[in-house]
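Reproduced below: coords-v2.pdb, with PDB, C-alpha atoms, pLDDT in the B column.
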```pdb
ATOM      1  CA  MET A  10      13.862  11.444  13.215  1.00 38.00           C
ATOM      2  CA  SER A  11      12.047  11.432  16.532  1.00 35.00           C
ATOM      3  CA  SER A  12      11.261   8.247  18.384  1.00 36.00           C
ATOM      4  CA  ALA A  13       8.069   9.580  19.955  1.00 36.00           C
ATOM      5  CA  SER A  14       5.166  11.607  18.612  1.00 34.00           C
ATOM      6  CA  LYS A  15       1.841  12.853  20.002  1.00 32.00           C
ATOM      7  CA  VAL A  16      -0.627  14.466  17.618  1.00 32.00           C
ATOM      8  CA  THR A  17      -4.294  15.286  17.196  1.00 29.00           C
ATOM      9  CA  ALA A  18      -6.872  13.536  15.058  1.00 32.00           C
ATOM     10  CA  HIS A  19      -7.534  16.411  12.630  1.00 31.00           C
ATOM     11  CA  GLN A  20      -3.957  16.139  11.320  1.00 33.00           C
ATOM     12  CA  SER A  21      -4.700  12.779   9.679  1.00 37.00           C
ATOM     13  CA  ALA A  22      -2.688  12.401   6.472  1.00 38.00           C
ATOM     14  CA  ARG A  23      -3.923  11.097   3.145  1.00 41.00           C
ATOM     15  CA  ALA A  24      -0.983  10.761   0.733  1.00 34.00           C
ATOM     16  CA  SER A  25      -1.502  10.469  -3.032  1.00 34.00           C
ATOM     17  CA  LEU A  26      -0.853   7.391  -5.104  1.00 34.00           C
ATOM     18  CA  ARG A  27      -1.190   9.395  -8.313  1.00 31.00           C
ATOM     19  CA  GLY A  28      -2.023  13.030  -8.886  1.00 28.00           C
ATOM     20  CA  GLY A  29      -5.501  14.355  -9.474  1.00 27.00           C
ATOM     21  CA  THR A  30      -8.788  14.185  -7.646  1.00 27.00           C
ATOM     22  CA  THR A  31     -11.091  11.301  -6.886  1.00 29.00           C
ATOM     23  CA  ALA A  32     -13.539  10.533  -9.676  1.00 27.00           C
ATOM     24  CA  PRO A  33     -16.413   8.049 -10.068  1.00 28.00           C
ATOM     25  CA  ALA A  34     -15.454   4.631 -11.384  1.00 30.00           C
ATOM     26  CA  ALA A  35     -15.495   4.086 -15.131  1.00 27.00           C
ATOM     27  CA  GLY A  36     -18.981   3.393 -16.424  1.00 28.00           C
ATOM     28  CA  ASP A  37     -20.488   4.768 -13.215  1.00 32.00           C
ATOM     29  CA  PRO A  38     -21.435   8.423 -13.821  1.00 27.00           C
ATOM     30  CA  GLN A  39     -23.382   8.636 -10.562  1.00 30.00           C
ATOM     31  CA  GLY A  40     -20.372   7.462  -8.563  1.00 36.00           C
ATOM     32  CA  ASN A  41     -22.243   4.674  -6.760  1.00 39.00           C
ATOM     33  CA  GLY A  42     -19.443   2.174  -7.395  1.00 40.00           C
ATOM     34  CA  GLN A  43     -21.729  -0.571  -8.740  1.00 42.00           C
ATOM     35  CA  ARG A  44     -20.497  -2.681 -11.649  1.00 47.00           C
ATOM     36  CA  GLY A  45     -21.593  -6.011 -12.959  1.00 48.00           C
ATOM     37  CA  ASP A  46     -18.447  -7.844 -11.862  1.00 70.00           C
ATOM     38  CA  GLY A  47     -18.420  -6.331  -8.368  1.00 86.00           C
ATOM     39  CA  ILE A  48     -15.964  -3.910  -6.828  1.00 91.00           C
ATOM     40  CA  SER A  49     -12.813  -4.355  -4.780  1.00 94.00           C
ATOM     41  CA  ILE A  50     -12.671  -2.377  -1.531  1.00 95.00           C
ATOM     42  CA  GLY A  51     -10.444  -1.867   1.490  1.00 96.00           C
ATOM     43  CA  VAL A  52     -10.799  -0.124   4.849  1.00 97.00           C
ATOM     44  CA  ILE A  53      -7.918   1.523   6.717  1.00 96.00           C
ATOM     45  CA  LEU A  54      -6.995   3.756   9.620  1.00 97.00           C
ATOM     46  CA  GLY A  55      -4.926   6.664   8.335  1.00 93.00           C
ATOM     47  CA  PHE A  56      -2.135   8.340  10.314  1.00 94.00           C
ATOM     48  CA  PRO A  57      -1.503  11.957  11.307  1.00 95.00           C
ATOM     49  CA  ALA A  58       0.631  13.805   8.761  1.00 95.00           C
ATOM     50  CA  ASP A  59       3.805  14.122  10.833  1.00 96.00           C
ATOM     51  CA  ILE A  60       3.883  10.440  11.796  1.00 96.00           C
ATOM     52  CA  ALA A  61       3.011   9.298   8.268  1.00 95.00           C
ATOM     53  CA  GLU A  62       5.796  11.424   6.792  1.00 96.00           C
ATOM     54  CA  GLU A  63       8.325  10.253   9.366  1.00 97.00           C
ATOM     55  CA  LEU A  64       7.547   6.586   8.755  1.00 97.00           C
ATOM     56  CA  GLN A  65       7.613   7.161   4.997  1.00 96.00           C
ATOM     57  CA  ARG A  66      11.168   8.505   5.335  1.00 97.00           C
ATOM     58  CA  TRP A  67      12.162   5.513   7.396  1.00 97.00           C
ATOM     59  CA  ARG A  68      10.611   3.096   4.885  1.00 97.00           C
ATOM     60  CA  ALA A  69      12.413   4.795   2.005  1.00 97.00           C
ATOM     61  CA  SER A  70      15.715   4.594   3.916  1.00 97.00           C
ATOM     62  CA  PHE A  71      15.408   0.787   3.919  1.00 97.00           C
ATOM     63  CA  GLY A  72      15.139   0.773   0.127  1.00 96.00           C
ATOM     64  CA  ASP A  73      11.449  -0.093  -0.012  1.00 95.00           C
ATOM     65  CA  PRO A  74      10.155   1.129  -3.416  1.00 90.00           C
ATOM     66  CA  MET A  75       6.606   1.327  -2.082  1.00 89.00           C
ATOM     67  CA  ALA A  76       7.546   4.036   0.422  1.00 91.00           C
ATOM     68  CA  ALA A  77       6.575   6.721  -2.089  1.00 87.00           C
ATOM     69  CA  VAL A  78       3.095   5.336  -2.790  1.00 85.00           C
ATOM     70  CA  ILE A  79       1.931   3.659   0.430  1.00 85.00           C
ATOM     71  CA  PRO A  80       1.570   6.042   3.371  1.00 87.00           C
ATOM     72  CA  ALA A  81       1.645   4.660   6.905  1.00 93.00           C
ATOM     73  CA  HIS A  82      -1.657   3.092   7.888  1.00 95.00           C
ATOM     74  CA  ILE A  83      -3.305   0.203   9.688  1.00 97.00           C
ATOM     75  CA  THR A  84      -5.378  -2.030   7.444  1.00 96.00           C
ATOM     76  CA  LEU A  85      -8.752  -3.078   8.846  1.00 98.00           C
ATOM     77  CA  VAL A  86     -10.034  -4.808   5.698  1.00 97.00           C
ATOM     78  CA  THR A  87      -7.566  -5.846   3.043  1.00 92.00           C
ATOM     79  CA  THR A  88      -8.568  -6.129  -0.623  1.00 92.00           C
ATOM     80  CA  THR A  89     -12.062  -7.657  -0.629  1.00 95.00           C
ATOM     81  CA  MET A  90     -14.507  -8.066  -3.492  1.00 94.00           C
ATOM     82  CA  THR A  91     -18.155  -7.104  -2.984  1.00 94.00           C
ATOM     83  CA  GLN A  92     -21.083  -7.450  -5.346  1.00 92.00           C
ATOM     84  CA  ASP A  93     -23.258  -4.860  -3.616  1.00 94.00           C
ATOM     85  CA  TRP A  94     -21.788  -1.387  -3.129  1.00 93.00           C
ATOM     86  CA  GLU A  95     -24.814   0.085  -1.355  1.00 95.00           C
ATOM     87  CA  ALA A  96     -25.005  -2.784   1.126  1.00 96.00           C
ATOM     88  CA  THR A  97     -21.266  -2.512   1.725  1.00 97.00           C
ATOM     89  CA  ARG A  98     -21.359   1.229   2.296  1.00 96.00           C
ATOM     90  CA  SER A  99     -24.310   0.901   4.686  1.00 97.00           C
ATOM     91  CA  HIS A 100     -22.502  -1.897   6.518  1.00 97.00           C
ATOM     92  CA  VAL A 101     -19.317   0.159   7.005  1.00 97.00           C
ATOM     93  CA  ARG A 102     -21.269   3.300   7.938  1.00 97.00           C
ATOM     94  CA  ASP A 103     -23.221   1.407  10.578  1.00 97.00           C
ATOM     95  CA  ILE A 104     -20.051   0.074  12.195  1.00 97.00           C
ATOM     96  CA  ALA A 105     -18.450   3.529  12.192  1.00 97.00           C
ATOM     97  CA  ARG A 106     -21.557   5.006  13.799  1.00 96.00           C
ATOM     98  CA  LYS A 107     -21.316   2.552  16.702  1.00 96.00           C
ATOM     99  CA  GLN A 108     -17.543   2.881  17.194  1.00 97.00           C
ATOM    100  CA  GLU A 109     -16.160   5.341  19.728  1.00 96.00           C
ATOM    101  CA  PRO A 110     -12.876   7.169  18.987  1.00 97.00           C
ATOM    102  CA  PHE A 111      -9.869   5.460  20.530  1.00 97.00           C
ATOM    103  CA  THR A 112      -6.136   5.886  20.994  1.00 98.00           C
ATOM    104  CA  VAL A 113      -3.467   3.993  19.060  1.00 98.00           C
ATOM    105  CA  THR A 114       0.096   3.478  20.220  1.00 98.00           C
ATOM    106  CA  ILE A 115       2.575   1.908  17.823  1.00 98.00           C
ATOM    107  CA  ALA A 116       5.776   0.696  19.431  1.00 98.00           C
ATOM    108  CA  GLY A 117       8.664  -1.623  18.653  1.00 97.00           C
ATOM    109  CA  THR A 118       9.160  -3.896  15.671  1.00 97.00           C
ATOM    110  CA  GLY A 119       8.152  -7.362  14.606  1.00 96.00           C
ATOM    111  CA  SER A 120       8.395  -9.453  11.466  1.00 96.00           C
ATOM    112  CA  PHE A 121       6.342 -11.939   9.486  1.00 94.00           C
ATOM    113  CA  ARG A 122       9.503 -13.714   8.352  1.00 93.00           C
ATOM    114  CA  PRO A 123       9.963 -16.402   7.088  1.00 91.00           C
ATOM    115  CA  VAL A 124       6.342 -16.562   5.891  1.00 90.00           C
ATOM    116  CA  SER A 125       6.502 -13.058   4.374  1.00 92.00           C
ATOM    117  CA  PRO A 126       9.439 -10.609   3.974  1.00 94.00           C
ATOM    118  CA  VAL A 127       7.829  -7.905   6.108  1.00 96.00           C
ATOM    119  CA  VAL A 128       9.010  -5.857   9.091  1.00 98.00           C
ATOM    120  CA  PHE A 129       6.375  -3.878  10.928  1.00 98.00           C
ATOM    121  CA  LEU A 130       5.653  -1.703  13.941  1.00 98.00           C
ATOM    122  CA  ASN A 131       3.487  -3.313  16.596  1.00 98.00           C
ATOM    123  CA  VAL A 132       0.109  -1.917  17.536  1.00 98.00           C
ATOM    124  CA  GLU A 133       0.017  -1.825  21.338  1.00 97.00           C
ATOM    125  CA  GLU A 134      -2.752   0.437  22.609  1.00 98.00           C
ATOM    126  CA  GLY A 135      -5.724   0.118  20.282  1.00 98.00           C
ATOM    127  CA  PHE A 136      -4.923  -3.471  19.259  1.00 98.00           C
ATOM    128  CA  GLY A 137      -8.250  -4.773  20.553  1.00 97.00           C
ATOM    129  CA  ASP A 138     -10.158  -1.924  18.913  1.00 98.00           C
ATOM    130  CA  CYS A 139      -8.579  -2.740  15.544  1.00 98.00           C
ATOM    131  CA  VAL A 140      -9.363  -6.452  15.920  1.00 98.00           C
ATOM    132  CA  GLY A 141     -12.932  -5.653  16.919  1.00 98.00           C
ATOM    133  CA  LEU A 142     -13.424  -3.348  13.944  1.00 98.00           C
ATOM    134  CA  HIS A 143     -11.932  -5.932  11.593  1.00 98.00           C
ATOM    135  CA  ARG A 144     -14.256  -8.667  12.848  1.00 97.00           C
ATOM    136  CA  GLN A 145     -17.301  -6.463  12.431  1.00 98.00           C
ATOM    137  CA  LEU A 146     -16.258  -5.155   9.023  1.00 98.00           C
ATOM    138  CA  GLN A 147     -15.242  -8.510   7.551  1.00 96.00           C
ATOM    139  CA  ALA A 148     -18.815  -9.766   7.821  1.00 96.00           C
ATOM    140  CA  GLY A 149     -22.067  -9.418   5.915  1.00 95.00           C
ATOM    141  CA  PRO A 150     -21.323  -8.166   2.375  1.00 95.00           C
ATOM    142  CA  LEU A 151     -17.556  -8.300   3.120  1.00 96.00           C
ATOM    143  CA  GLU A 152     -17.452 -11.753   4.657  1.00 94.00           C
ATOM    144  CA  ARG A 153     -14.753 -14.043   3.279  1.00 91.00           C
ATOM    145  CA  GLU A 154     -12.184 -16.559   4.448  1.00 89.00           C
ATOM    146  CA  LEU A 155      -8.742 -15.017   4.933  1.00 88.00           C
ATOM    147  CA  PRO A 156      -5.480 -16.949   4.380  1.00 85.00           C
ATOM    148  CA  PHE A 157      -4.014 -15.623   7.668  1.00 85.00           C
ATOM    149  CA  ASP A 158      -5.393 -14.476  10.982  1.00 90.00           C
ATOM    150  CA  TYR A 159      -5.798 -10.716  11.193  1.00 94.00           C
ATOM    151  CA  HIS A 160      -2.911  -8.973  12.978  1.00 95.00           C
ATOM    152  CA  PRO A 161      -3.017  -5.162  13.090  1.00 97.00           C
ATOM    153  CA  HIS A 162       0.388  -3.670  12.271  1.00 97.00           C
ATOM    154  CA  VAL A 163       2.186  -0.900  10.396  1.00 97.00           C
ATOM    155  CA  THR A 164       4.499  -2.072   7.614  1.00 96.00           C
ATOM    156  CA  VAL A 165       7.884  -0.298   7.537  1.00 97.00           C
ATOM    157  CA  ALA A 166       9.772  -2.587   5.129  1.00 97.00           C
ATOM    158  CA  HIS A 167       8.452  -5.096   2.623  1.00 95.00           C
ATOM    159  CA  ASP A 168      10.073  -7.302   0.003  1.00 90.00           C
ATOM    160  CA  VAL A 169      13.561  -5.816   0.350  1.00 95.00           C
ATOM    161  CA  ALA A 170      16.925  -7.507   0.885  1.00 96.00           C
ATOM    162  CA  PRO A 171      17.255  -9.544   4.113  1.00 97.00           C
ATOM    163  CA  GLU A 172      19.895  -7.153   5.455  1.00 97.00           C
ATOM    164  CA  SER A 173      17.516  -4.232   4.904  1.00 97.00           C
ATOM    165  CA  LEU A 174      14.797  -6.055   6.809  1.00 97.00           C
ATOM    166  CA  ASP A 175      17.290  -6.618   9.617  1.00 97.00           C
ATOM    167  CA  GLU A 176      18.172  -2.917   9.551  1.00 98.00           C
ATOM    168  CA  ALA A 177      14.520  -1.893   9.759  1.00 98.00           C
ATOM    169  CA  GLU A 178      13.847  -4.230  12.653  1.00 97.00           C
ATOM    170  CA  GLU A 179      16.814  -2.869  14.580  1.00 98.00           C
ATOM    171  CA  ALA A 180      16.489   0.827  13.687  1.00 98.00           C
ATOM    172  CA  LEU A 181      12.877   1.131  14.828  1.00 98.00           C
ATOM    173  CA  LYS A 182      12.889  -1.242  17.777  1.00 97.00           C
ATOM    174  CA  ASN A 183      12.530   1.684  20.191  1.00 98.00           C
ATOM    175  CA  TYR A 184      10.107   3.709  18.079  1.00 98.00           C
ATOM    176  CA  ARG A 185       6.905   4.810  19.800  1.00 98.00           C
ATOM    177  CA  ALA A 186       4.058   7.083  18.687  1.00 98.00           C
ATOM    178  CA  THR A 187       0.637   7.728  20.187  1.00 98.00           C
ATOM    179  CA  PHE A 188      -2.314   9.408  18.502  1.00 97.00           C
ATOM    180  CA  PRO A 189      -6.128   9.452  18.596  1.00 96.00           C
ATOM    181  CA  VAL A 190      -8.191   7.725  15.907  1.00 97.00           C
ATOM    182  CA  ALA A 191     -11.636   9.110  15.154  1.00 96.00           C
ATOM    183  CA  SER A 192     -12.420   7.800  11.651  1.00 97.00           C
ATOM    184  CA  MET A 193     -11.690   5.138   9.051  1.00 97.00           C
ATOM    185  CA  GLY A 194     -11.433   5.329   5.279  1.00 96.00           C
ATOM    186  CA  LEU A 195     -13.460   3.242   2.825  1.00 97.00           C
ATOM    187  CA  TYR A 196     -11.567   2.785  -0.442  1.00 94.00           C
ATOM    188  CA  GLU A 197     -12.320   1.369  -3.872  1.00 93.00           C
ATOM    189  CA  HIS A 198      -9.737  -0.206  -6.175  1.00 87.00           C
ATOM    190  CA  ASP A 199     -10.751   1.371  -9.457  1.00 81.00           C
ATOM    191  CA  ASP A 200     -10.337   0.290 -13.091  1.00 80.00           C
ATOM    192  CA  ASN A 201      -7.031   2.170 -13.336  1.00 77.00           C
ATOM    193  CA  GLY A 202      -5.485   0.274 -10.438  1.00 76.00           C
ATOM    194  CA  ILE A 203      -5.762   3.222  -8.049  1.00 80.00           C
ATOM    195  CA  TRP A 204      -7.161   3.065  -4.529  1.00 84.00           C
ATOM    196  CA  GLN A 205      -9.782   5.813  -4.344  1.00 89.00           C
ATOM    197  CA  LEU A 206     -11.099   7.156  -1.045  1.00 93.00           C
ATOM    198  CA  ARG A 207     -14.875   6.848  -1.352  1.00 94.00           C
ATOM    199  CA  GLU A 208     -15.766   7.922   2.198  1.00 95.00           C
ATOM    200  CA  GLU A 209     -14.029   8.974   5.394  1.00 96.00           C
ATOM    201  CA  LEU A 210     -16.345   7.646   8.094  1.00 96.00           C
ATOM    202  CA  HIS A 211     -16.211   9.392  11.447  1.00 96.00           C
ATOM    203  CA  PHE A 212     -16.768   7.292  14.533  1.00 97.00           C
ATOM    204  CA  GLY A 213     -19.887   7.856  16.586  1.00 93.00           C
ATOM    205  CA  THR A 214     -21.636  10.067  14.027  1.00 75.00           C
ATOM    206  CA  LYS A 215     -23.794   9.886  10.918  1.00 61.00           C
ATOM    207  CA  GLN A 216     -21.588  12.408   9.167  1.00 48.00           C
ATOM    208  CA  HIS A 217     -19.410  11.210   6.296  1.00 46.00           C
ATOM    209  CA  HIS A 218     -17.410  12.727   3.468  1.00 49.00           C
ATOM    210  CA  ASP A 219     -17.345  11.344  -0.069  1.00 49.00           C
ATOM    211  CA  GLY A 220     -14.131  11.360  -2.035  1.00 49.00           C
ATOM    212  CA  GLY A 221     -10.647  12.522  -1.212  1.00 44.00           C
ATOM    213  CA  PRO A 222      -7.011  11.852  -2.031  1.00 43.00           C
ATOM    214  CA  HIS A 223      -5.799   8.460  -3.160  1.00 45.00           C
ATOM    215  CA  VAL A 224      -4.172   5.940  -0.851  1.00 47.00           C
ATOM    216  CA  PRO A 225      -3.496   2.219  -1.131  1.00 46.00           C
ATOM    217  CA  ALA A 226      -5.273  -0.107   1.246  1.00 44.00           C
ATOM    218  CA  ASP A 227      -2.891  -2.988   0.854  1.00 51.00           C
ATOM    219  CA  ALA A 228      -2.363  -5.841   3.298  1.00 42.00           C
ATOM    220  CA  GLY A 229       0.760  -4.189   4.632  1.00 55.00           C
TER     221      GLY A 229
END
```
Have the structure of the file written as structure tokens, please.
Amino acid sequence: MSSASKVTAHQSARASLRGGTTAPAAGDPQGNGQRGDGISIGVILGFPADIAEELQRWRASFGDPMAAVIPAHITLVTTTMTQDWEATRSHVRDIARKQEPFTVTIAGTGSFRPVSPVVFLNVEEGFGDCVGLHRQLQAGPLERELPFDYHPHVTVAHDVAPESLDEAEEALKNYRATFPVASMGLYEHDDNGIWQLREELHFGTKQHHDGGPHVPADAG
């Protein structure tokens, strides 16, 4: 596996959690995501296909069972409940419209141990952009108090044996990849427990695309 990668934005990968295509939420034939008890959403930056696949292989090699269902990504908004889908979508669209594309470099490893059994790749270039997006997104209809300060990262091993966490931290300590980011994905956690891509929002434009493959928007 290579230790360095440079790719273009249009190669962004969206791996599937389960087969099939995106469908409107149950009880929502118009697909507007509005239900009486609110909806759970997440926002992420997806990765180019070659980097996502490479990191998925690494994650699987450390024995992480989530490697097959969680593609590499940077979480901007972790699981957050909203009572107003339209206000939320407008809020996220507005932030995307004002955001310019930027470059992300992930390099070297870190860990949240002992608080959480997680090893991750650091976000170097683009760190401030991710923090800025998070602060803007986690406001208005998505405002809530988080248990930990936001720290952009890319999980490569989670909830595995301590020796596997050690292996991940050592094996990827010299890993480096750089790629442009020009959009972010808005996801809904549907009634079947699947993260559904509701919109891919392109930075600096009013254009957007509804629907798409499934991908988790977990905290990792």
Quick one: residues within 10 Å of Gly213 in chain A, all atoms listed in the file counted, chain neighbours fewer than 4 positions away excluded, as a PyMOL selection string? chain A and resi 102-110+191-192
Can you give me, as a PyMOL selection string, the residues this file yields under the PyMOL selection byres ((chain A and resi 136-147) around 9)? chain A and resi 52+54+83-86+89+100-101+104-105+108+111+113-114+131-135+148-153+159-162
When you look at Pro123 in chain A with a cut-off of 12 Å (counting all atoms listed in the file), what residues show up, excluding the ones that are within fewer than 5 positions of it in the same chain? I need them as a ChimeraX atom specification. /A:128,168,171,174
Could you list as JSON, numbers by chain every residue that has an atom within 12 Å of (5.5, 1.1, 15.9), using the file's coordinates and counting all atoms listed in the file? {"A": [12, 13, 14, 56, 60, 61, 63, 64, 67, 81, 82, 83, 113, 114, 115, 116, 117, 118, 119, 120, 128, 129, 130, 131, 132, 133, 134, 136, 161, 162, 163, 164, 165, 177, 178, 180, 181, 182, 183, 184, 185, 186, 187, 188]}
Which residue of A:His198, A:Arg68, A:Arg207, A:Arg98 approaches Ser173 in chain A most closely, using all atoms listed in the file: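 Checking each candidate against Ser173 in chain A, we get A:Arg68 as the closest.
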